[in-house]
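Below is the file start_35.tsv, which contains TSV, C-alpha atoms and all ligand atoms.
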chain	number	residue	atom	x	y	z
T	1	GLU	CA	17.32	-34.65	17.37
T	2	ARG	CA	16.99	-30.90	16.96
T	3	PRO	CA	14.22	-29.86	14.56
T	4	ALA	CA	15.48	-28.29	11.31
T	5	VAL	CA	13.83	-24.91	10.76
T	6	THR	CA	14.53	-22.85	7.64
T	7	VAL	CA	13.58	-19.19	7.80
T	8	VAL	CA	13.38	-17.22	4.57
T	9	GLY	CA	12.99	-13.50	5.16
T	10	SER	CA	14.22	-10.06	6.07
T	11	ILE	CA	17.31	-8.97	7.95
T	12	ASN	CA	17.20	-5.37	9.23
T	13	MET	CA	19.07	-3.05	11.53
T	14	ASP	CA	16.51	-1.52	13.89
T	15	LEU	CA	17.11	2.17	14.62
T	16	THR	CA	15.12	2.69	17.75
T	17	VAL	CA	14.26	5.87	19.62
T	18	SER	CA	12.03	6.08	22.66
T	19	THR	CA	9.93	9.11	23.41
T	20	GLY	CA	7.35	10.15	25.99
T	21	GLN	CA	5.36	11.76	23.25
T	22	MET	CA	4.80	10.71	19.61
T	23	PRO	CA	5.40	13.69	17.30
T	24	ASN	CA	2.38	14.92	15.35
T	25	GLN	CA	2.63	15.79	11.67
T	26	GLY	CA	5.09	18.69	11.18
T	27	GLU	CA	6.11	18.58	14.82
T	28	THR	CA	9.52	17.96	16.39
T	29	VAL	CA	9.77	16.50	19.87
T	30	ILE	CA	12.86	15.85	22.00
T	31	GLY	CA	12.98	12.12	22.60
T	32	GLU	CA	14.85	9.93	25.04
T	33	GLU	CA	17.40	7.27	24.14
T	34	PHE	CA	18.52	6.06	20.71
T	35	ALA	CA	19.87	2.55	20.15
T	36	THR	CA	20.45	0.13	17.28
T	37	PHE	CA	19.28	-3.47	17.59
T	38	PRO	CA	19.43	-6.41	15.20
T	39	GLY	CA	15.99	-6.98	13.67
T	40	GLY	CA	13.95	-7.84	10.60
T	41	LYS	CA	11.05	-10.25	10.93
T	42	GLY	CA	12.97	-13.07	9.26
T	43	ALA	CA	16.12	-12.72	11.36
T	44	ASN	CA	14.07	-12.26	14.54
T	45	GLN	CA	12.12	-15.45	13.91
T	46	ALA	CA	15.37	-17.29	13.19
T	47	VAL	CA	16.87	-16.12	16.49
T	48	ALA	CA	13.74	-17.07	18.43
T	49	ALA	CA	13.83	-20.60	16.97
T	50	ALA	CA	17.58	-21.01	17.54
T	51	ARG	CA	17.38	-19.94	21.21
T	52	LEU	CA	14.64	-22.52	21.72
T	53	GLY	CA	16.86	-25.28	20.39
T	54	ALA	CA	16.11	-25.53	16.67
T	55	ASN	CA	18.78	-26.13	14.06
T	56	VAL	CA	18.19	-22.99	11.99
T	57	ASN	CA	19.09	-22.02	8.43
T	58	MET	CA	18.51	-18.41	7.44
T	59	VAL	CA	17.95	-17.48	3.80
T	60	GLY	CA	18.15	-13.73	3.20
T	61	ALA	CA	20.03	-10.75	1.74
T	62	ILE	CA	22.18	-7.97	3.19
T	63	GLY	CA	24.18	-5.13	1.68
T	64	ASP	CA	27.98	-4.93	1.63
T	65	ASP	CA	28.07	-2.48	4.56
T	66	VAL	CA	28.65	-2.26	8.32
T	67	PHE	CA	25.05	-3.00	9.26
T	68	GLY	CA	25.05	-6.10	7.07
T	69	GLU	CA	28.29	-7.40	8.51
T	70	SER	CA	27.25	-6.83	12.09
T	71	LEU	CA	23.85	-8.47	11.52
T	72	GLN	CA	25.41	-11.55	9.95
T	73	ASN	CA	27.86	-11.83	12.87
T	74	LYS	CA	25.02	-11.60	15.35
T	75	LEU	CA	23.18	-14.45	13.61
T	76	GLU	CA	26.32	-16.58	13.70
T	77	GLN	CA	26.68	-15.92	17.42
T	78	GLU	CA	23.19	-17.40	17.79
T	79	ASN	CA	24.40	-20.58	16.03
T	80	ILE	CA	22.29	-19.89	12.97
T	81	HIS	CA	23.65	-21.19	9.63
T	82	THR	CA	24.31	-18.16	7.43
T	83	THR	CA	25.61	-19.79	4.23
T	84	ALA	CA	22.35	-18.82	2.48
T	85	ILE	CA	22.65	-15.14	3.41
T	86	HIS	CA	23.60	-13.30	0.25
T	87	LYS	CA	25.76	-10.18	0.47
T	88	LEU	CA	24.67	-7.94	-2.43
T	89	LYS	CA	26.54	-5.04	-4.08
T	90	ASP	CA	25.25	-1.48	-4.52
T	91	ILE	CA	22.35	-1.78	-2.13
T	92	ALA	CA	22.04	-0.96	1.55
T	93	THR	CA	21.18	-3.46	4.26
T	94	GLY	CA	17.53	-3.15	5.30
T	95	THR	CA	16.66	-0.85	8.18
T	96	ALA	CA	13.64	-0.30	10.38
T	97	THR	CA	13.16	3.08	11.98
T	98	ILE	CA	11.22	2.48	15.17
T	99	ILE	CA	9.56	5.01	17.45
T	100	LEU	CA	8.75	3.60	20.88
T	101	SER	CA	6.25	5.29	23.11
T	102	GLU	CA	4.44	3.90	26.13
T	103	GLY	CA	5.27	0.30	25.28
T	104	ASP	CA	3.85	0.66	21.78
T	105	ASN	CA	5.70	1.11	18.49
T	106	ARG	CA	5.51	2.65	15.03
T	107	ILE	CA	7.84	1.26	12.40
T	108	ILE	CA	9.03	2.29	8.93
T	109	VAL	CA	11.00	-0.36	7.05
T	110	ALA	CA	13.42	0.57	4.26
T	111	PRO	CA	13.81	-2.87	2.65
T	112	GLY	CA	17.15	-2.31	0.84
T	113	ALA	CA	18.76	-5.68	0.10
T	114	ASN	CA	15.69	-7.59	1.35
T	115	ALA	CA	13.84	-6.44	-1.77
T	116	ARG	CA	16.54	-8.10	-3.89
T	117	LEU	CA	16.02	-11.58	-2.50
T	118	THR	CA	14.77	-13.10	-5.75
T	119	PRO	CA	13.11	-16.41	-6.71
T	120	GLU	CA	16.39	-17.27	-8.55
T	121	ILE	CA	18.28	-17.04	-5.26
T	122	ILE	CA	15.65	-19.23	-3.59
T	123	ARG	CA	16.03	-21.93	-6.23
T	124	GLN	CA	19.74	-22.22	-5.32
T	125	HIS	CA	18.60	-23.44	-1.91
T	126	GLU	CA	16.17	-26.14	-3.01
T	127	ARG	CA	18.01	-28.87	-1.07
T	128	MET	CA	18.03	-26.82	2.11
T	129	ILE	CA	14.27	-26.40	1.86
T	130	GLN	CA	13.79	-30.08	1.07
T	131	GLN	CA	15.78	-31.14	4.14
T	132	SER	CA	13.87	-28.92	6.56
T	133	ASP	CA	11.25	-30.08	9.03
T	134	ILE	CA	9.40	-26.78	8.63
T	135	ILE	CA	9.66	-23.50	6.67
T	136	LEU	CA	8.96	-20.13	8.22
T	137	LEU	CA	8.04	-17.11	6.05
T	138	GLN	CA	6.93	-13.48	6.47
T	139	LEU	CA	6.13	-10.66	4.00
T	140	GLU	CA	9.20	-8.41	4.19
T	141	VAL	CA	10.70	-9.94	1.04
T	142	PRO	CA	9.06	-9.92	-2.42
T	143	LEU	CA	5.88	-11.94	-2.85
T	144	ASP	CA	7.21	-13.93	-5.83
T	145	THR	CA	10.12	-14.97	-3.62
T	146	VAL	CA	7.70	-16.16	-0.93
T	147	GLN	CA	5.80	-18.03	-3.65
T	148	ALA	CA	9.01	-19.67	-4.91
T	149	VAL	CA	9.74	-21.03	-1.42
T	150	ILE	CA	6.19	-22.35	-1.05
T	151	THR	CA	6.35	-24.08	-4.44
T	152	ILE	CA	9.51	-25.97	-3.47
T	153	ALA	CA	8.21	-26.79	0.02
T	154	GLN	CA	5.01	-28.21	-1.48
T	155	GLN	CA	6.99	-30.32	-3.91
T	156	TYR	CA	8.79	-32.01	-1.00
T	157	GLU	CA	5.82	-31.90	1.40
T	158	VAL	CA	7.59	-29.69	3.90
T	159	PRO	CA	5.07	-27.80	6.09
T	160	VAL	CA	5.00	-24.01	5.78
T	161	ILE	CA	4.15	-21.30	8.31
T	162	LEU	CA	3.45	-17.88	6.81
T	163	ASN	CA	3.35	-14.91	9.14
T	164	PRO	CA	1.47	-12.43	6.89
T	165	ALA	CA	3.24	-9.31	8.19
T	166	PRO	CA	3.33	-6.55	7.13
T	167	TYR	CA	-0.01	-7.42	5.54
T	168	GLN	CA	-0.58	-7.41	1.81
T	169	SER	CA	-3.22	-9.12	-0.28
T	170	LEU	CA	-2.29	-12.75	-0.96
T	171	PRO	CA	-3.36	-14.69	-4.04
T	172	ASP	CA	-5.23	-17.97	-3.48
T	173	ALA	CA	-2.52	-19.92	-5.29
T	174	LEU	CA	-0.06	-18.82	-2.63
T	175	LEU	CA	-2.42	-19.32	0.31
T	176	SER	CA	-3.26	-22.86	-0.73
T	177	GLY	CA	0.37	-23.88	-0.23
T	178	VAL	CA	0.48	-22.59	3.34
T	179	ASP	CA	-0.22	-24.92	6.26
T	180	TYR	CA	-0.32	-22.34	9.06
T	181	LEU	CA	-1.13	-18.63	8.75
T	182	THR	CA	-0.26	-16.50	11.77
T	183	PRO	CA	-1.74	-13.00	11.41
T	184	ASN	CA	-2.29	-10.68	14.36
T	185	GLU	CA	-5.83	-9.48	14.92
T	186	MET	CA	-5.56	-6.56	12.49
T	187	GLU	CA	-3.94	-8.62	9.76
T	188	ALA	CA	-6.57	-11.34	10.21
T	189	LYS	CA	-9.33	-8.80	9.77
T	190	ALA	CA	-7.73	-7.42	6.60
T	191	MET	CA	-7.34	-10.93	5.26
T	192	LEU	CA	-10.87	-12.07	5.97
T	193	GLU	CA	-12.29	-8.90	4.40
T	194	ASP	CA	-10.07	-9.17	1.33
T	195	PRO	CA	-12.27	-10.24	-1.61
T	196	ASN	CA	-9.22	-11.64	-3.42
T	197	SER	CA	-7.97	-14.07	-0.83
T	198	HIS	CA	-9.78	-17.07	0.50
T	199	VAL	CA	-8.36	-18.23	3.79
T	200	THR	CA	-9.37	-21.60	5.20
T	201	LYS	CA	-10.24	-21.36	8.90
T	202	GLU	CA	-8.17	-24.44	9.75
T	203	GLN	CA	-5.03	-22.61	8.55
T	204	LEU	CA	-5.58	-19.66	10.86
T	205	ILE	CA	-3.75	-18.95	14.09
T	206	VAL	CA	-4.61	-15.40	15.12
T	207	THR	CA	-2.41	-13.72	17.74
T	208	ASN	CA	-3.83	-11.06	20.00
T	209	GLY	CA	-1.23	-10.14	22.62
T	210	GLU	CA	-1.93	-11.16	26.19
T	211	LYS	CA	-5.53	-11.98	25.25
T	212	GLY	CA	-4.17	-15.11	23.66
T	213	VAL	CA	-4.55	-16.88	20.34
T	214	LEU	CA	-7.55	-17.90	18.32
T	215	ALA	CA	-7.29	-21.14	16.38
T	216	TYR	CA	-9.71	-23.66	14.90
T	217	LYS	CA	-10.03	-27.36	15.48
T	218	ASP	CA	-12.50	-29.28	13.32
T	219	GLY	CA	-14.14	-25.96	12.48
T	220	VAL	CA	-14.61	-25.05	16.15
T	221	GLU	CA	-13.08	-21.82	17.43
T	222	GLN	CA	-10.62	-22.22	20.28
T	223	VAL	CA	-8.93	-19.60	22.42
T	224	ILE	CA	-5.52	-20.51	23.76
T	225	PRO	CA	-4.74	-18.13	26.64
T	226	GLY	CA	-1.82	-15.69	26.69
T	227	PHE	CA	0.28	-14.56	29.65
T	228	PRO	CA	-0.09	-11.05	31.06
T	229	VAL	CA	3.32	-9.47	31.82
T	230	ASP	CA	4.78	-5.98	32.24
T	231	VAL	CA	5.40	-4.60	28.76
T	232	LEU	CA	8.66	-2.84	27.98
T	233	ASP	CA	8.91	-3.27	24.20
T	234	THR	CA	6.50	-5.31	22.08
T	235	THR	CA	8.78	-5.16	19.01
T	236	GLY	CA	9.48	-8.75	18.00
T	237	ALA	CA	6.76	-10.35	20.14
T	238	GLY	CA	5.03	-11.74	17.04
T	239	ASP	CA	8.38	-12.95	15.74
T	240	THR	CA	9.12	-14.78	18.98
T	241	PHE	CA	5.69	-16.40	18.74
T	242	ASN	CA	6.37	-17.58	15.18
T	243	GLY	CA	9.90	-18.84	15.87
T	244	ALA	CA	8.65	-20.75	18.90
T	245	LEU	CA	5.64	-22.16	17.07
T	246	ALA	CA	7.85	-23.39	14.21
T	247	THR	CA	10.28	-25.07	16.58
T	248	GLN	CA	7.58	-26.87	18.54
T	249	LEU	CA	5.54	-27.97	15.51
T	250	ALA	CA	8.73	-29.21	13.84
T	251	SER	CA	9.50	-31.32	16.89
T	252	GLY	CA	6.06	-32.90	16.68
T	253	MET	CA	4.19	-31.05	19.43
T	254	PRO	CA	0.39	-30.89	18.86
T	255	LEU	CA	-0.85	-27.48	17.63
T	256	GLU	CA	-2.64	-26.38	20.78
T	257	GLU	CA	0.32	-27.12	23.03
T	258	ALA	CA	2.74	-25.50	20.59
T	259	VAL	CA	0.62	-22.32	20.57
T	260	TYR	CA	0.53	-22.25	24.38
T	261	TYR	CA	4.31	-22.60	24.50
T	262	ALA	CA	4.75	-19.89	21.83
T	263	ASN	CA	2.49	-17.55	23.84
T	264	ALA	CA	4.77	-17.99	26.85
T	265	ALA	CA	7.89	-17.32	24.76
T	266	ALA	CA	6.31	-14.15	23.30
T	267	ALA	CA	5.32	-12.89	26.76
T	268	LEU	CA	8.90	-13.27	27.99
T	269	SER	CA	10.26	-11.43	24.94
T	270	ILE	CA	8.44	-8.16	25.60
T	271	MET	CA	10.05	-7.59	28.97
T	272	LYS	CA	13.30	-6.29	27.38
T	273	LEU	CA	14.16	-3.52	24.93
T	274	GLY	CA	14.93	-4.60	21.33
T	275	ALA	CA	13.28	-7.32	19.26
T	276	GLN	CA	15.80	-10.07	20.00
T	277	SER	CA	17.13	-9.11	23.45
T	278	GLY	CA	14.28	-10.66	25.41
T	279	MET	CA	13.88	-13.84	23.36
T	280	PRO	CA	14.02	-16.72	25.84
T	281	SER	CA	15.79	-20.08	25.92
T	282	ALA	CA	13.75	-23.31	26.17
T	283	GLU	CA	14.67	-23.52	29.85
T	284	GLU	CA	13.35	-20.01	30.52
T	285	VAL	CA	10.05	-20.81	28.79
T	286	ASN	CA	9.60	-24.02	30.76
T	287	THR	CA	10.32	-22.31	34.07
T	288	PHE	CA	7.94	-19.48	33.21
T	289	ILE	CA	5.12	-21.90	32.31
T	290	GLU	CA	5.66	-23.81	35.56
T	291	GLU	CA	5.63	-20.63	37.64
T	292	ARG	CA	2.46	-19.39	36.00
T	293	SER	CA	0.61	-22.67	36.39
T	294	ASP	CA	1.54	-22.72	40.09
T	295	ARG	CA	-0.28	-19.42	40.55
T	296	THR	CA	-3.62	-20.73	39.41
D	301	LIG	O1	8.60	-7.59	13.81
D	301	LIG	C1	9.51	-6.65	14.25
D	301	LIG	C2	10.46	-6.27	13.16
D	301	LIG	O2	9.75	-5.62	12.13
D	301	LIG	C3	11.55	-5.33	13.58
D	301	LIG	O3	12.69	-5.98	14.07
D	301	LIG	C4	11.81	-4.52	12.33
D	301	LIG	O4	13.03	-4.78	11.72
D	301	LIG	C5	10.64	-4.83	11.39
D	301	LIG	O5	11.05	-5.57	10.33

How does the structure come out when it is put into structure tokens?
Ligand code: RIB
Amino acid sequence: ERPAVTVVGSINMDLTVSTGQMPNQGETVIGEEFATFPGGKGANQAVAAARLGANVNMVGAIGDDVFGESLQNKLEQENIHTTAIHKLKDIATGTATIILSEGDNRIIVAPGANARLTPEIIRQHERMIQQSDIILLQLEVPLDTVQAVITIAQQYEVPVILNPAPYQSLPDALLSGVDYLTPNEMEAKAMLEDPNSHVTKEQLIVTNGEKGVLAYKDGVEQVIPGFPVDVLDTTGAGDTFNGALATQLASGMPLEEAVYYANAAAALSIMKLGAQSGMPSAEEVNTFIEERSDRT
């Protein structure tokens, strides 16, 4: 049976421009191409999980506008259940303005409707959370909303993955309800140096691009290798990792193997432009892993 993954999080339209040269402060540069892509960490993670075979519910908020409608349609085309996506009045759908240069990115998110996903809305979806095999969260919706999801998940003993991005300080009460924390290297550093949050090592799964992932087993540090590939656009690589990790953990795969699989999925995703465009199917991940293990 397909694992049931519920993603609670942001839905954005990504407004992407590529440029050979990042503008400095006060400077205007002539860039290259502009394109819009479906994005938002929540929606991206939902798409990654769905392509890999999970049965995905998305809980989120959009505005009553063209971006919102197109984003919801895109999610439906990916076979994601959208009944818990709330279309809100008098607020714009979230956007992310993305500057791409030399395979790297800089992003400004205007949350719009994502900021109006409230704990009250979450409580309407208690049964959906209860019936999930795993819950996947990020930090592009309000923190009290994230907390409301965790509270319900804990009540029904549903495991929770929190991708702490973009990073903000997290209270201990919230952290203690999280089973897996998936910061990148910078977010992990911020977290470990934060005097107000106490992370348990066993919760931590730190991503670091092609260098791989750092995790702990019985207190012992482990590095699970990544896959070097040609980078076109790293936007959404972390989301692919999280969607893949959720799907594999929910289907009962041991942590180390699930991380290895998620690393492969993330590597495949950065070879195309746009957060979701390069997200692979389960078949593509399996083929890629086979090919790579043949080389060594
Ligand atoms: O993680 C990548 C995502 O972050 C983009 O799709 C953008 O929408 C921002 O939310």

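Comparing the minimum interatomic distances between Leu255 in chain T and each of T:Gln222, T:Thr36, T:Asn44, T:Gln276, counting only C-alpha atoms, we find that T:Gln222 sits nearest.
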
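Neighbouring residues of Leu174 in chain T at 8 Å or closer, counting only C-alpha atoms and skipping chain neighbours under 4 positions away, are T:Gln147, T:Ile150, T:Leu170, T:Val178.
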
Limited to C-alpha atoms, could you put the picked residues into a file as a PDB file, in the coordinates of the input?
ATOM      1  CA  GLN T 147       5.800 -18.030  -3.650  1.00  0.00           C
ATOM      2  CA  ILE T 150       6.190 -22.350  -1.050  1.00  0.00           C
ATOM      3  CA  LEU T 170      -2.290 -12.750  -0.960  1.00  0.00           C
ATOM      4  CA  VAL T 178       0.480 -22.590   3.340  1.00  0.00           C
TER       5      VAL T 178
END

Smallest atom-to-atom distance to ligand LIG 301 (chain D): which of T:Ala190, T:Val47, T:Ile11, T:Ala61, using all atoms listed in the file?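 Among the listed residues, T:Ile11 lies closest to ligand LIG 301 (chain D).
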
Throw together the list of residues within 9 Å of ligand LIG 301 (chain D), counting all atoms listed in the file, and drop it here as a PyMOL selection string. chain T and resi 10-15+37-45+94-98+107-111+140+165-166+234-240+274-276

Go ahead and find all residues with at least one atom no further than 8 Å from (17.4, -0.6, -0.1) in the file's coordinates, using only C-alpha atoms; report them as a list in words. Ile91, Ala92, Thr93, Gly94, Ala110, Pro111, Gly112, Ala113, Asn114 and Ala115 of chain T

Provide the CA of Met186 in chain T to CA of Asn163 in chain T distance in Å, to one decimal place.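 Result for CA of Met186 in chain T versus CA of Asn163 in chain T: 12.7 Å, one decimal.
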
Have a look at CA of Arg127 in chain T and CA of Leu52 in chain T and let me know their distance in Å, one decimal. 23.9 Å

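Going from CA of Ser176 in chain T to CA of Met191 in chain T covers 14.0 Å.
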
Counting all atoms listed in the file, what is within 12 Å of Val206 in chain T, bar same-chain residues fewer than 3 positions away, as JSON, numbers by chain? {"T": [162, 163, 164, 180, 181, 182, 183, 184, 185, 186, 187, 188, 189, 191, 192, 201, 202, 203, 209, 211, 212, 213, 214, 215, 216, 221, 222, 223, 224, 225, 226, 238, 241, 242, 259, 263]}

Pick the closest to Arg51 in chain T from T:Gly26, T:Gly252, T:Pro3, T:Gly243: which is it, counting all atoms listed in the file? T:Gly243

Identify, on the basis of only C-alpha atoms, every residue whose closest approach to Leu136 in chain T does not exceed 7 Å; exclude the query and any residue fewer than 3 positions from it along the same chain; express the result as a PyMOL selection string. chain T and resi 6-8+160-162+246

Can you spit out the residues from that selection as a PDB file, keeping the file's coordinate frame, using C-alpha atoms?
ATOM      1  CA  THR T   6      14.530 -22.850   7.640  1.00  0.00           C
ATOM      2  CA  VAL T   7      13.580 -19.190   7.800  1.00  0.00           C
ATOM      3  CA  VAL T   8      13.380 -17.220   4.570  1.00  0.00           C
ATOM      4  CA  VAL T 160       5.000 -24.010   5.780  1.00  0.00           C
ATOM      5  CA  ILE T 161       4.150 -21.300   8.310  1.00  0.00           C
ATOM      6  CA  LEU T 162       3.450 -17.880   6.810  1.00  0.00           C
ATOM      7  CA  ALA T 246       7.850 -23.390  14.210  1.00  0.00           C
TER       8      ALA T 246
END

Identify which of the residues T:Lys217, T:Ile270, T:Arg292, T:Gly60 lies closest to His125 in chain T, counting only C-alpha atoms when measuring atom-to-atom distances.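 Closest candidate: T:Gly60.
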
Can you work out which one of T:Ile62, T:Ala54, T:Ala46, T:Leu137 has the shortest atom-to-atom distance to Leu75 in chain T, counting all atoms listed in the file?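 Nearest candidate to Leu75 in chain T out of T:Ile62, T:Ala54, T:Ala46, T:Leu137: T:Ala46.
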
Which residue is closest to Gly177 in chain T? Choose from T:Val146, T:Ile85, T:Met22, T:Met271 and count only C-alpha atoms.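 Counting only C-alpha atoms, the residue closest to Gly177 in chain T is T:Val146.
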
12 Å contact set for Leu232 in chain T, all atoms listed in the file, chain neighbours under 6 positions out, as a list of chain:residue names: T:Ser18, T:Leu100, T:Ser101, T:Glu102, T:Gly103, T:Asp104, T:Asn105, T:Ala267, T:Leu268, T:Ser269, T:Ile270, T:Met271, T:Lys272, T:Leu273, T:Gly274, T:Ala275, T:Ser277, T:Gly278

Given the block above, output range 138-178 of chain T with C-alpha atoms as a PDB file, in the first residue's frame.
ATOM      1  CA  GLN T 138       8.685  23.460   7.033  1.00  0.00           C
ATOM      2  CA  LEU T 139       8.846  27.047   8.357  1.00  0.00           C
ATOM      3  CA  GLU T 140       7.134  29.086   5.619  1.00  0.00           C
ATOM      4  CA  VAL T 141       3.838  29.148   7.524  1.00  0.00           C
ATOM      5  CA  PRO T 142       3.331  30.649  11.019  1.00  0.00           C
ATOM      6  CA  LEU T 143       5.064  28.922  13.915  1.00  0.00           C
ATOM      7  CA  ASP T 144       1.861  28.503  15.949  1.00  0.00           C
ATOM      8  CA  THR T 145       0.399  26.685  12.950  1.00  0.00           C
ATOM      9  CA  VAL T 146       3.403  24.353  12.850  1.00  0.00           C
ATOM     10  CA  GLN T 147       2.949  23.813  16.588  1.00  0.00           C
ATOM     11  CA  ALA T 148      -0.759  23.004  16.131  1.00  0.00           C
ATOM     12  CA  VAL T 149       0.106  20.271  13.619  1.00  0.00           C
ATOM     13  CA  ILE T 150       2.758  18.810  15.921  1.00  0.00           C
ATOM     14  CA  THR T 151       0.341  18.757  18.865  1.00  0.00           C
ATOM     15  CA  ILE T 152      -2.219  16.743  16.900  1.00  0.00           C
ATOM     16  CA  ALA T 153       0.421  14.425  15.427  1.00  0.00           C
ATOM     17  CA  GLN T 154       1.780  13.705  18.912  1.00  0.00           C
ATOM     18  CA  GLN T 155      -1.686  12.949  20.198  1.00  0.00           C
ATOM     19  CA  TYR T 156      -2.082  10.206  17.573  1.00  0.00           C
ATOM     20  CA  GLU T 157       1.582   9.150  17.567  1.00  0.00           C
ATOM     21  CA  VAL T 158       2.121  10.084  13.948  1.00  0.00           C
ATOM     22  CA  PRO T 159       5.834  10.728  13.243  1.00  0.00           C
ATOM     23  CA  VAL T 160       6.825  14.263  12.236  1.00  0.00           C
ATOM     24  CA  ILE T 161       9.615  15.539   9.993  1.00  0.00           C
ATOM     25  CA  LEU T 162      10.376  19.244  10.353  1.00  0.00           C
ATOM     26  CA  ASN T 163      12.538  20.879   7.720  1.00  0.00           C
ATOM     27  CA  PRO T 164      13.575  24.036   9.645  1.00  0.00           C
ATOM     28  CA  ALA T 165      13.750  26.315   6.592  1.00  0.00           C
ATOM     29  CA  PRO T 166      13.916  29.254   6.382  1.00  0.00           C
ATOM     30  CA  TYR T 167      15.499  29.067   9.833  1.00  0.00           C
ATOM     31  CA  GLN T 168      13.992  30.707  12.881  1.00  0.00           C
ATOM     32  CA  SER T 169      14.508  30.015  16.557  1.00  0.00           C
ATOM     33  CA  LEU T 170      12.363  27.093  17.711  1.00  0.00           C
ATOM     34  CA  PRO T 171      11.036  26.675  21.244  1.00  0.00           C
ATOM     35  CA  ASP T 172      11.874  23.434  23.064  1.00  0.00           C
ATOM     36  CA  ALA T 173       8.196  22.568  23.407  1.00  0.00           C
ATOM     37  CA  LEU T 174       7.942  22.463  19.627  1.00  0.00           C
ATOM     38  CA  LEU T 175      11.229  20.638  19.077  1.00  0.00           C
ATOM     39  CA  SER T 176      10.333  17.898  21.524  1.00  0.00           C
ATOM     40  CA  GLY T 177       7.398  16.878  19.326  1.00  0.00           C
ATOM     41  CA  VAL T 178       9.562  16.466  16.232  1.00  0.00           C
TER      42      VAL T 178
END
